[in-house]
Amino acid sequence: MNTGADPARDAGGGWGRRRFIGALAGITAVTTIPAPAAPRTRPAAATNPPAEGSPATSASGPTSSAPTVRRLFLGTYTSVEGGGKGIGLATYDPATGAVTATGTLTGIGDPSYLATHPKGHTLYAVDERPQGAVTAVRLTDNKVLGTRSTGGAGPCHLSVHPSGRWLLSANYTSGSVAVHPVDASGALGERTDLVTHSSPAPGPGQDGPHAHQFVTSPDGGHVLAVDLGTDTVYTYRLDQSKGTLTEVSQAHTRPGAGPRHLTFHPDGRFAYLANEVDNTVVVCAYDPASGRLTPGDPQSTGTGAGTNYPAQILVTSNGSYAYLANRGHNSLTRYGVEAAGARLRLLDTVPVGGDFPRHLAFSPDERLLFTANQRSSTVSVFHVEGASGELRLAGKPFASPVAVCALPL
């Protein structure tokens, strides 16, 4: 598949293209392979107070043994027809997966991607606009702590360094990555670095670099930027005293692959890369000492010959299963992780129950998997079976305007 003829890209760049492909139609198919051996024990469930104004009981009614509801934040586009008014606020029942709306946090434009501080006291959102920015929100009272420019256009991803001292963001349209300091309160300081991906040249059908993700390696020694436009994953060393970046290596996919999102195996020696444009996934070897990422051969998403744009890939914390969101095919692909992380085995695809699944996230105990379905404006919730990794839809999807991110706490 080649999106080089995408009219939104041809007419004005990647920021419009990201919204345009959200309007593409999908198809459905299913493939099944036997599951691997049972995984190790999953982590214990965490506790969390309910959001302000949320119900004190589960969606199924008050019971003495009902688990406390947990908070759910929903990212959207506010500048498109039918979009949201800000960050959606909700709660969910960790036993049933039932979601209840509790309000909206307004005043943040196009908060399409969300992340939290490692200590859990602050929420961060991108402002995916031509004048890109990132915003910090205090979670105790949902107070906006301030907004800082990313120095680029169309930021679409952010993450917090494990130290909690640096916010990393990726500017899709301008193909750059930015670093902001984080103070003890969770508020953001002025940007300390901005790097634009100028080499290699853009891949087939691309108009320039398009940084899609900026994350820290499990060892904490390197930060990696995935760029769809240059078919490259850049590894940087982050100076944790100054907040500056030094490039140490580049990993190149095959031309036209369009890498979008990367996730690491918990052992830290392998990572899994979702390629948006050529509809593949790749297992990559990772060397913690040098930060070098080495992509392997592309493999199937299990979605057949129709148009499909892989979005995000997740791996369970015990390293047994990986899940891929398929926009177009409107499904989730389940892989068994084998050979200590070195191999993915395609198991099946499951209909997502919505249209154009843009984002995936586990609940903290990994018993639930959330998908934000952009075109159907819904969030689907799945029960995750611990031994087999199989997915089971947890009731009717929750309505949320142009849902592009679902972040359960």
# chains A, B, ... in the order shown; residues from 1 in each chain; ligands from 1

$ residues_around --residues "Thr78 (chain A)" --least-positions-apart "6" --cutoff "12 Å" --atoms "only C-alpha atoms" --output "list in words"
Arg19, Gly84, Lys85, Gly86, Ile87, Gly88, Thr104, Leu105, Thr106, Gly107, Ile108, Gly109, Asp110, Pro111, Ser112, Asp127, Glu128, Arg129, Pro401, Val402, Ala403 and Val404 of chain A

$ write_last_selection --atoms "N, CA, C and O atoms" --output "CSV table (one decimal), in the first residue's frame"
chain,number,residue,atom,x,y,z
A,19,ARG,N,-5.5,14.0,9.7
A,19,ARG,CA,-6.9,14.1,9.9
A,19,ARG,C,-7.6,13.5,8.7
A,19,ARG,O,-8.6,12.8,8.8
A,84,GLY,N,-14.4,17.2,19.9
A,84,GLY,CA,-14.6,17.5,21.3
A,84,GLY,C,-14.4,18.9,21.6
A,84,GLY,O,-14.1,19.7,20.8
A,85,LYS,N,-14.6,19.2,22.9
A,85,LYS,CA,-14.5,20.6,23.4
A,85,LYS,C,-13.2,20.7,24.3
A,85,LYS,O,-12.9,21.8,24.8
A,86,GLY,N,-12.5,19.6,24.4
A,86,GLY,CA,-11.3,19.6,25.2
A,86,GLY,C,-11.0,18.2,25.6
A,86,GLY,O,-11.3,17.3,24.9
A,87,ILE,N,-10.3,18.0,26.7
A,87,ILE,CA,-10.0,16.6,27.2
A,87,ILE,C,-11.2,16.0,27.9
A,87,ILE,O,-11.8,16.6,28.8
A,88,GLY,N,-11.7,14.9,27.4
A,88,GLY,CA,-12.9,14.3,28.0
A,88,GLY,C,-12.5,13.6,29.3
A,88,GLY,O,-11.4,13.0,29.5
A,104,THR,N,-15.8,17.6,30.9
A,104,THR,CA,-14.8,18.0,29.9
A,104,THR,C,-13.8,19.0,30.5
A,104,THR,O,-14.3,20.0,31.2
A,105,LEU,N,-12.6,18.9,30.3
A,105,LEU,CA,-11.6,19.9,30.7
A,105,LEU,C,-11.3,20.8,29.4
A,105,LEU,O,-10.7,20.3,28.5
A,106,THR,N,-11.9,22.0,29.4
A,106,THR,CA,-11.8,22.8,28.3
A,106,THR,C,-10.5,23.7,28.3
A,106,THR,O,-9.8,23.7,29.3
A,107,GLY,N,-10.3,24.5,27.3
A,107,GLY,CA,-9.2,25.4,27.2
A,107,GLY,C,-7.9,24.9,26.6
A,107,GLY,O,-6.9,25.6,26.6
A,108,ILE,N,-8.0,23.6,26.1
A,108,ILE,CA,-6.8,23.0,25.5
A,108,ILE,C,-7.2,22.7,24.1
A,108,ILE,O,-8.1,21.9,23.9
A,109,GLY,N,-6.5,23.2,23.1
A,109,GLY,CA,-6.8,23.0,21.7
A,109,GLY,C,-6.3,21.7,21.1
A,109,GLY,O,-5.1,21.5,21.2
A,110,ASP,N,-7.1,20.9,20.5
A,110,ASP,CA,-6.7,19.7,19.8
A,110,ASP,C,-5.8,18.8,20.7
A,110,ASP,O,-4.6,18.5,20.3
A,111,PRO,N,-6.2,18.4,21.9
A,111,PRO,CA,-5.4,17.5,22.7
A,111,PRO,C,-5.5,16.1,22.3
A,111,PRO,O,-6.1,15.2,22.9
A,112,SER,N,-4.7,15.8,21.2
A,112,SER,CA,-4.9,14.5,20.5
A,112,SER,C,-4.1,13.4,21.2
A,112,SER,O,-4.3,12.2,20.9
A,127,ASP,N,-1.0,20.0,22.1
A,127,ASP,CA,-1.9,20.9,21.4
A,127,ASP,C,-1.5,20.7,19.9
A,127,ASP,O,-0.6,21.4,19.4
A,128,GLU,N,-2.2,19.8,19.2
A,128,GLU,CA,-1.8,19.5,17.8
A,128,GLU,C,-2.3,20.5,16.8
A,128,GLU,O,-3.3,20.3,16.1
A,129,ARG,N,-1.6,21.6,16.8
A,129,ARG,CA,-2.0,22.7,15.9
A,129,ARG,C,-0.7,23.2,15.2
A,129,ARG,O,0.4,22.8,15.5
A,401,PRO,N,-16.5,12.1,21.4
A,401,PRO,CA,-16.4,12.8,20.1
A,401,PRO,C,-14.9,12.7,19.5
A,401,PRO,O,-14.0,13.0,20.2
A,402,VAL,N,-14.8,12.2,18.3
A,402,VAL,CA,-13.6,12.1,17.6
A,402,VAL,C,-12.5,11.6,18.5
A,402,VAL,O,-11.5,12.2,18.7
A,403,ALA,N,-12.7,10.4,19.1
A,403,ALA,CA,-11.8,9.8,20.1
A,403,ALA,C,-10.5,9.4,19.4
A,403,ALA,O,-10.5,8.5,18.6
A,404,VAL,N,-9.4,10.0,19.8
A,404,VAL,CA,-8.1,9.6,19.2
A,404,VAL,C,-7.1,9.2,20.3
A,404,VAL,O,-6.0,8.8,20.0

$ atom_distance --atom1 "CA of Val315 (chain A)" --atom2 "CA of Ala101 (chain A)"
27.9 Å

$ atom_distance --atom1 "CA of Asn326 (chain A)" --atom2 "CA of Val134 (chain A)"
27.0 Å

$ closest_atom_pairs --of "region 104-134 of chain A" --to "region 141-164 of chain A" --cutoff "8 Å" --atoms "only C-alpha atoms" --output "JSON lines"
{"residue": "A:Leu105", "atom": "CA", "partner": "A:Asn142", "partner_atom": "CA", "distance": 7.4}
{"residue": "A:Ser112", "atom": "CA", "partner": "A:Cys156", "partner_atom": "CA", "distance": 6.6}
{"residue": "A:Tyr113", "atom": "CA", "partner": "A:His157", "partner_atom": "CA", "distance": 5.7}
{"residue": "A:Leu114", "atom": "CA", "partner": "A:Leu158", "partner_atom": "CA", "distance": 7.1}
{"residue": "A:Ala115", "atom": "CA", "partner": "A:Ser159", "partner_atom": "CA", "distance": 6.0}
{"residue": "A:Thr116", "atom": "CA", "partner": "A:Val160", "partner_atom": "CA", "distance": 7.2}
{"residue": "A:His117", "atom": "CA", "partner": "A:Val160", "partner_atom": "CA", "distance": 6.1}
{"residue": "A:Pro118", "atom": "CA", "partner": "A:Gly164", "partner_atom": "CA", "distance": 6.0}
{"residue": "A:Lys119", "atom": "CA", "partner": "A:Gly164", "partner_atom": "CA", "distance": 7.6}
{"residue": "A:Tyr124", "atom": "CA", "partner": "A:Leu158", "partner_atom": "CA", "distance": 7.9}
{"residue": "A:Ala125", "atom": "CA", "partner": "A:Leu158", "partner_atom": "CA", "distance": 7.6}
{"residue": "A:Val126", "atom": "CA", "partner": "A:Pro155", "partner_atom": "CA", "distance": 6.0}
{"residue": "A:Asp127", "atom": "CA", "partner": "A:Pro155", "partner_atom": "CA", "distance": 6.7}
{"residue": "A:Glu128", "atom": "CA", "partner": "A:Gly154", "partner_atom": "CA", "distance": 4.4}
{"residue": "A:Arg129", "atom": "CA", "partner": "A:Gly154", "partner_atom": "CA", "distance": 4.8}
{"residue": "A:Pro130", "atom": "CA", "partner": "A:Ala153", "partner_atom": "CA", "distance": 4.4}
{"residue": "A:Gln131", "atom": "CA", "partner": "A:Ala153", "partner_atom": "CA", "distance": 5.4}
{"residue": "A:Gly132", "atom": "CA", "partner": "A:Ala153", "partner_atom": "CA", "distance": 4.8}
{"residue": "A:Ala133", "atom": "CA", "partner": "A:Ser149", "partner_atom": "CA", "distance": 4.2}
{"residue": "A:Val134", "atom": "CA", "partner": "A:Arg148", "partner_atom": "CA", "distance": 5.4}

$ write_last_selection --atoms "all heavy atoms" --output "compact mmCIF listing (two decimals), in the first residue's frame"
# COMPACT_ATOMS: atom_id res chain seq x y z
N LEU A 105 -12.55 18.87 30.29
CA LEU A 105 -11.58 19.89 30.65
C LEU A 105 -11.33 20.76 29.43
O LEU A 105 -10.70 20.32 28.46
CB LEU A 105 -10.28 19.25 31.13
CG LEU A 105 -9.13 20.19 31.51
CD1 LEU A 105 -9.56 21.10 32.65
CD2 LEU A 105 -7.89 19.41 31.89
N SER A 112 -4.74 15.78 21.21
CA SER A 112 -4.87 14.48 20.53
C SER A 112 -4.06 13.36 21.17
O SER A 112 -4.27 12.19 20.85
CB SER A 112 -4.47 14.61 19.07
OG SER A 112 -3.10 14.94 18.96
N TYR A 113 -3.12 13.69 22.05
CA TYR A 113 -2.35 12.63 22.73
C TYR A 113 -2.10 13.06 24.16
O TYR A 113 -1.82 14.24 24.44
CB TYR A 113 -1.02 12.34 22.01
CG TYR A 113 -0.44 11.01 22.40
CD1 TYR A 113 -0.77 9.85 21.72
CD2 TYR A 113 0.42 10.90 23.49
CE1 TYR A 113 -0.26 8.62 22.10
CE2 TYR A 113 0.93 9.67 23.88
CZ TYR A 113 0.59 8.54 23.19
OH TYR A 113 1.08 7.31 23.58
N LEU A 114 -2.18 12.08 25.09
CA LEU A 114 -2.09 12.35 26.51
C LEU A 114 -1.09 11.40 27.16
O LEU A 114 -0.90 10.27 26.71
CB LEU A 114 -3.45 12.15 27.18
CG LEU A 114 -4.67 12.84 26.54
CD1 LEU A 114 -5.96 12.34 27.20
CD2 LEU A 114 -4.56 14.35 26.65
N ALA A 115 -0.46 11.85 28.23
CA ALA A 115 0.45 11.02 29.02
C ALA A 115 0.48 11.55 30.44
O ALA A 115 0.13 12.71 30.69
CB ALA A 115 1.85 11.02 28.42
N THR A 116 0.91 10.72 31.38
CA THR A 116 0.99 11.15 32.77
C THR A 116 2.42 11.12 33.28
O THR A 116 3.28 10.41 32.75
CB THR A 116 0.12 10.26 33.69
OG1 THR A 116 0.50 8.88 33.51
CG2 THR A 116 -1.35 10.42 33.39
N HIS A 117 2.66 11.89 34.32
CA HIS A 117 3.94 11.92 35.02
C HIS A 117 4.14 10.58 35.73
O HIS A 117 3.17 9.97 36.19
CB HIS A 117 3.94 13.07 36.03
CG HIS A 117 5.28 13.35 36.63
ND1 HIS A 117 5.80 12.61 37.68
CD2 HIS A 117 6.21 14.31 36.33
CE1 HIS A 117 6.99 13.09 38.01
NE2 HIS A 117 7.26 14.12 37.20
N PRO A 118 5.39 10.08 35.84
CA PRO A 118 5.61 8.79 36.53
C PRO A 118 5.07 8.75 37.96
O PRO A 118 4.69 7.68 38.44
CB PRO A 118 7.13 8.65 36.51
CG PRO A 118 7.58 9.45 35.34
CD PRO A 118 6.63 10.60 35.24
N LYS A 119 5.00 9.89 38.62
CA LYS A 119 4.47 9.92 39.99
C LYS A 119 2.95 10.08 40.02
O LYS A 119 2.36 10.07 41.11
CB LYS A 119 5.14 11.05 40.78
CG LYS A 119 6.62 10.80 41.04
CD LYS A 119 7.22 11.90 41.92
CE LYS A 119 8.68 11.61 42.22
NZ LYS A 119 9.29 12.66 43.08
N TYR A 124 -0.31 15.38 30.89
CA TYR A 124 0.25 16.21 29.82
C TYR A 124 -0.51 15.95 28.52
O TYR A 124 -0.88 14.81 28.24
CB TYR A 124 1.74 15.94 29.63
CG TYR A 124 2.53 16.22 30.88
CD1 TYR A 124 2.85 15.19 31.77
CD2 TYR A 124 2.92 17.52 31.20
CE1 TYR A 124 3.55 15.46 32.94
CE2 TYR A 124 3.63 17.79 32.37
CZ TYR A 124 3.93 16.75 33.23
OH TYR A 124 4.61 17.02 34.40
N ALA A 125 -0.72 17.01 27.76
CA ALA A 125 -1.44 16.91 26.49
C ALA A 125 -0.69 17.67 25.42
O ALA A 125 -0.13 18.75 25.68
CB ALA A 125 -2.86 17.47 26.62
N VAL A 126 -0.68 17.14 24.19
CA VAL A 126 -0.21 17.91 23.05
C VAL A 126 -1.33 18.85 22.62
O VAL A 126 -2.51 18.55 22.80
CB VAL A 126 0.22 17.03 21.87
CG1 VAL A 126 1.37 16.10 22.25
CG2 VAL A 126 -0.95 16.23 21.31
N ASP A 127 -0.96 19.98 22.06
CA ASP A 127 -1.89 20.87 21.37
C ASP A 127 -1.54 20.74 19.89
O ASP A 127 -0.65 21.43 19.40
CB ASP A 127 -1.73 22.33 21.83
CG ASP A 127 -1.93 22.49 23.34
OD1 ASP A 127 -1.66 21.55 24.11
OD2 ASP A 127 -2.35 23.59 23.74
N GLU A 128 -2.21 19.81 19.19
CA GLU A 128 -1.80 19.46 17.82
C GLU A 128 -2.32 20.50 16.83
O GLU A 128 -3.29 20.28 16.11
CB GLU A 128 -2.29 18.06 17.44
CG GLU A 128 -1.64 17.57 16.15
CD GLU A 128 -2.05 16.16 15.77
OE1 GLU A 128 -2.39 15.36 16.65
OE2 GLU A 128 -2.02 15.87 14.56
N ARG A 129 -1.61 21.61 16.78
CA ARG A 129 -1.97 22.72 15.92
C ARG A 129 -0.73 23.23 15.18
O ARG A 129 0.40 22.84 15.53
CB ARG A 129 -2.60 23.83 16.75
CG ARG A 129 -3.95 23.40 17.34
CD ARG A 129 -4.70 24.52 17.99
NE ARG A 129 -6.09 24.13 18.20
CZ ARG A 129 -7.01 24.92 18.72
NH1 ARG A 129 -6.70 26.15 19.10
NH2 ARG A 129 -8.25 24.51 18.86
N PRO A 130 -0.92 24.08 14.15
CA PRO A 130 0.24 24.58 13.41
C PRO A 130 1.27 25.26 14.32
O PRO A 130 2.48 25.13 14.10
CB PRO A 130 -0.38 25.57 12.42
CG PRO A 130 -1.75 25.03 12.17
CD PRO A 130 -2.19 24.48 13.50
N GLN A 131 0.82 25.98 15.35
CA GLN A 131 1.71 26.50 16.38
C GLN A 131 1.65 25.52 17.55
O GLN A 131 0.88 25.69 18.48
CB GLN A 131 1.29 27.91 16.79
CG GLN A 131 1.28 28.92 15.66
CD GLN A 131 2.67 29.19 15.11
OE1 GLN A 131 3.66 29.22 15.84
NE2 GLN A 131 2.76 29.36 13.79
N GLY A 132 2.48 24.49 17.49
CA GLY A 132 2.37 23.38 18.42
C GLY A 132 2.73 23.75 19.84
O GLY A 132 3.57 24.63 20.09
N ALA A 133 2.10 23.06 20.78
CA ALA A 133 2.37 23.31 22.19
C ALA A 133 2.10 22.05 23.00
O ALA A 133 1.49 21.09 22.50
CB ALA A 133 1.52 24.47 22.70
N VAL A 134 2.54 22.08 24.25
CA VAL A 134 2.24 21.03 25.22
C VAL A 134 1.72 21.69 26.48
O VAL A 134 2.15 22.78 26.86
CB VAL A 134 3.48 20.16 25.53
CG1 VAL A 134 3.76 19.20 24.39
CG2 VAL A 134 4.71 21.02 25.82

$ residues_around --residues "region 389-391 of chain A" --least-positions-apart "4" --cutoff "8 Å" --atoms "only C-alpha atoms" --output "list in words"
Tyr321, Arg334, Val350, Phe382, His383, Val384 and Glu385 of chain A

$ write_last_selection --atoms "C-alpha atoms" --output "PDB file, in the first residue's frame"
ATOM      1  CA  TYR A 321       1.594 -10.912  24.013  1.00  0.00           C
ATOM      2  CA  ARG A 334      -2.869 -10.395  18.671  1.00  0.00           C
ATOM      3  CA  VAL A 350     -10.475  -9.335  16.511  1.00  0.00           C
ATOM      4  CA  PHE A 382     -11.886  -5.295  25.977  1.00  0.00           C
ATOM      5  CA  HIS A 383     -11.366  -7.842  28.728  1.00  0.00           C
ATOM      6  CA  VAL A 384      -7.893  -9.387  28.370  1.00  0.00           C
ATOM      7  CA  GLU A 385      -7.782 -13.082  29.285  1.00  0.00           C
TER       8      GLU A 385
END

$ closest_atom_pairs --of "region 314-344 of chain A" --to "region 294-304 of chain A" --cutoff "9 Å" --atoms "only C-alpha atoms" --output "tab-separated table"
residue	atom	partner	partner_atom	distance
A:Leu324	CA	A:Thr301	CA	7.8
A:Asn326	CA	A:Thr303	CA	7.9
A:His329	CA	A:Thr303	CA	6.2
A:Ser331	CA	A:Thr303	CA	8.2
A:Thr333	CA	A:Thr301	CA	6.6
A:Leu344	CA	A:Gln299	CA	8.9

$ write_last_selection --atoms "C-alpha atoms" --output "compact mmCIF listing (two decimals), in the first residue's frame"
# COMPACT_ATOMS: atom_id res chain seq x y z
CA LEU A 324 -1.68 -3.94 17.16
CA ASN A 326 -5.48 -1.61 12.60
CA HIS A 329 -9.36 -3.20 8.82
CA SER A 331 -9.37 -4.74 14.18
CA THR A 333 -4.10 -8.11 15.90
CA LEU A 344 6.23 -12.31 17.04

$ atom_distance --atom1 "CA of Gly306 (chain A)" --atom2 "CA of His261 (chain A)"
20.9 Å

$ residues_around --residues "Pro408 (chain A)" --least-positions-apart "4" --cutoff "7 Å" --atoms "only C-alpha atoms" --output "list in words"
Arg71, Leu72, Phe73 and Ser363 of chain A

$ closest_residue --among "A:Ser241, A:Asn275, A:Pro218, A:Gly258" --to "Pro204 (chain A)" --atoms "only C-alpha atoms"
A:Gly258
